[in-house]
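These notes concern the structure reproduced below.
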Amino acid sequence: MSSPHDNLATPLALDVLQQFRLIFGSMRQYFRLVEERCGMSGSQMWVLQEVARTPGIGIGELARRMGVHQSTCSLLVDKLVARECLDKQKRSGDQRRVGLHLAEQGVAALAALPGPAEGILPEALAALPEVVLKTLHINLDELIRHLPGKDEASARTPLADMVAPEHLS
């Protein structure tokens with residue numbers, strides 16, 4: 001009788017495992033480079049990049065664009081405001097709502113960015129043809145279905161926070 005663990009020893013299963021290692025290692029290396037060059041985490045740099053793309057953006061919209069929970073986004077924004085990389089300004093039409101704008105420190109950090117702030121994986125996924133992306137989605141769903149102890153909350157955690165060994169504050 002064979003168990004699912006027997007399949008791990010197959011050359012194909014090992015090749016796929018090495019593909020995941022390559023993806024994970026490449027992301028880790030990229031986010032280390034981001035931290036070295038910019039002095040901030042990839043997540044913080046992604047916030048700055050989105051604010052640069054849309055000055056005056058609100059925290060709710062920013063969280064939606066990044067695919068993170070609003071409280072996670074608020075914490076990132078608060079750290080960047082404390083580091084004088086972002087400014088919060090009341091919106092003229094609604095004084096209760098705050099718009100975010102880059103401060104001088106944020107502009108300088110973005111100038112040091114070696115590539116996309118959100119990381120190399122989202123950029124690679126965006127470059128895939130739609131049919132390949134749909135196939136990958138179906139196959140990853142199947143893999144996740146077989147994954148014991150899956151952490152559903154991880155789906156809304158920025159990759160930079162998952163692969164970086166330490167976070168710069």
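Going by the structure tokens order, chains are called A, B, ..., each with residues numbered from 1, while ligands are numbered from 1 in the order shown.
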
Within 12 Å of region 61-69 of chain A, which residues of region 132-158 of chain A show up? Give each one with its shortest atom-to-atom distance in Å (one decimal) and the two atoms involved, counting only C-alpha atoms, rows by chain then rising residue number, as CSV.
```
residue,atom,partner,partner_atom,distance
A:Ala153,CA,A:His69,CA,9.6
A:Ser154,CA,A:Val68,CA,9.7
A:Ala155,CA,A:Val68,CA,8.4
A:Arg156,CA,A:Val68,CA,4.7
A:Thr157,CA,A:Val68,CA,6.1
A:Pro158,CA,A:Val68,CA,7.0
```

Can you write out the residues you just picked, keeping N, CA and C atoms, as a short mmCIF file (atom, residue, chain, number, x, y, z; two decimals), in the first residue's frame?
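Written output follows (part.cif):
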```cif
data_model
loop_
_atom_site.label_atom_id
_atom_site.label_comp_id
_atom_site.auth_asym_id
_atom_site.auth_seq_id
_atom_site.Cartn_x
_atom_site.Cartn_y
_atom_site.Cartn_z
N ALA A 153 -4.95 33.09 6.99
CA ALA A 153 -4.61 34.50 7.20
C ALA A 153 -3.36 34.90 6.41
N SER A 154 -2.53 33.94 6.10
CA SER A 154 -1.30 34.24 5.35
C SER A 154 -1.59 34.81 3.96
N ALA A 155 -2.75 34.49 3.43
CA ALA A 155 -3.09 34.95 2.09
C ALA A 155 -3.14 36.48 2.00
N ARG A 156 -3.32 37.15 3.14
CA ARG A 156 -3.40 38.61 3.13
C ARG A 156 -2.20 39.26 3.79
N THR A 157 -1.10 38.52 3.86
CA THR A 157 0.15 39.04 4.41
C THR A 157 1.09 39.35 3.24
N PRO A 158 1.66 40.54 3.18
CA PRO A 158 2.58 40.85 2.08
C PRO A 158 3.74 39.85 2.03
#
```

*Please, which residues of region 21-123 of chain A, numbered as in this document, come out helix (DSSP H, G or I) from DSSP, as number ranges by chain?*
A: 21-38, 42-53, 59-66, 70-82, 104-111, 120-123

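Considering the residues A:Pro11, A:Gly58, A:Gly99, A:Gly115 and counting only C-alpha atoms, Gln70 (chain A) has its shortest atom-to-atom contact with A:Gly58.
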
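With only C-alpha atoms as the basis for measurement, A:Ile120 is the residue among A:Leu80, A:Ala126, A:Val131, A:Ile120 that approaches Gln29 (chain A) most closely.
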
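Counting only C-alpha atoms and comparing A:Lys90, A:Arg32, A:Arg83, A:His101, the residue that lies closest to Glu50 (chain A) is A:His101.
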
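Backbone DSSP over region 25-129 of chain A gives strand (DSSP E) for Leu86, Asp87, Lys88, Gln89, Lys90, Val98, Gly99, Leu100, His101 and Leu102 of chain A.
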
For the selection you just gave me, I'd like the residues written to a file as a PDB file, in the first residue's frame, keeping C-alpha atoms.
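Final output, saved to out-v7.pdb:
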```
ATOM      1  CA  LEU A  86       4.538  59.931   4.387  1.00  0.00           C
ATOM      2  CA  ASP A  87       2.275  62.821   5.280  1.00  0.00           C
ATOM      3  CA  LYS A  88      -1.392  62.455   6.214  1.00  0.00           C
ATOM      4  CA  GLN A  89      -3.566  65.311   5.000  1.00  0.00           C
ATOM      5  CA  LYS A  90      -7.270  65.853   5.563  1.00  0.00           C
ATOM      6  CA  VAL A  98      -7.205  61.320   5.300  1.00  0.00           C
ATOM      7  CA  GLY A  99      -5.216  61.280   2.099  1.00  0.00           C
ATOM      8  CA  LEU A 100      -1.628  60.102   1.968  1.00  0.00           C
ATOM      9  CA  HIS A 101       1.209  61.982   0.293  1.00  0.00           C
ATOM     10  CA  LEU A 102       4.907  61.278  -0.089  1.00  0.00           C
TER      11      LEU A 102
END
```

*asked:* With only C-alpha atoms as the counted atoms, please give the residues lying no more than 8 Å from Trp46 (chain A), apart from itself and same-chain residues fewer than 6 positions off, as a PyMOL selection string.
replied: chain A and resi 66+116-118

_Give me the residues near Ile23 (chain A) as an MDAnalysis selection string, where near means some atom within 12 Å (using only C-alpha atoms) and where sequence neighbours in that chain fewer than 4 positions away do not count._
chainID A and resid 16:19 27:30 119:122 124:125 159 163

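In terms of minimum interatomic distance to Leu48 (chain A), A:Lys79 ranks closest within A:Arg97, A:Lys150, A:Arg21, A:Lys79, counting only C-alpha atoms.
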
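CA of Pro114 (chain A) is positioned 23.2 Å from CA of Phe20 (chain A).
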
I'd like the neighbourhood of Ala82 (chain A) as a compact mmCIF listing (two decimals) with C-alpha atoms, in the first residue's frame, where a residue qualifies if any of its atoms comes within 12 Å (using only C-alpha atoms), though same-chain residues fewer than 4 positions away should be ignored.
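After the write, out00.txt holds the following:
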```txt
# COMPACT_ATOMS: atom_id res chain seq x y z
CA LEU A 75 0.28 49.94 10.85
CA LEU A 76 2.53 50.25 7.79
CA VAL A 77 1.33 53.80 7.16
CA ASP A 78 1.84 54.81 10.80
CA LEU A 86 4.54 59.93 4.39
CA ASP A 87 2.28 62.82 5.28
CA LYS A 88 -1.39 62.45 6.21
CA ALA A 103 7.25 63.27 2.09
CA GLN A 105 12.20 60.92 2.90
CA GLY A 106 9.72 58.75 0.98
CA SER A 169 11.21 49.62 11.58
```

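Shortest atom-to-atom contact with Met162 (chain A) among A:Lys134, A:Ser41, A:Glu36, A:Ala9: A:Ser41, counting only C-alpha atoms.
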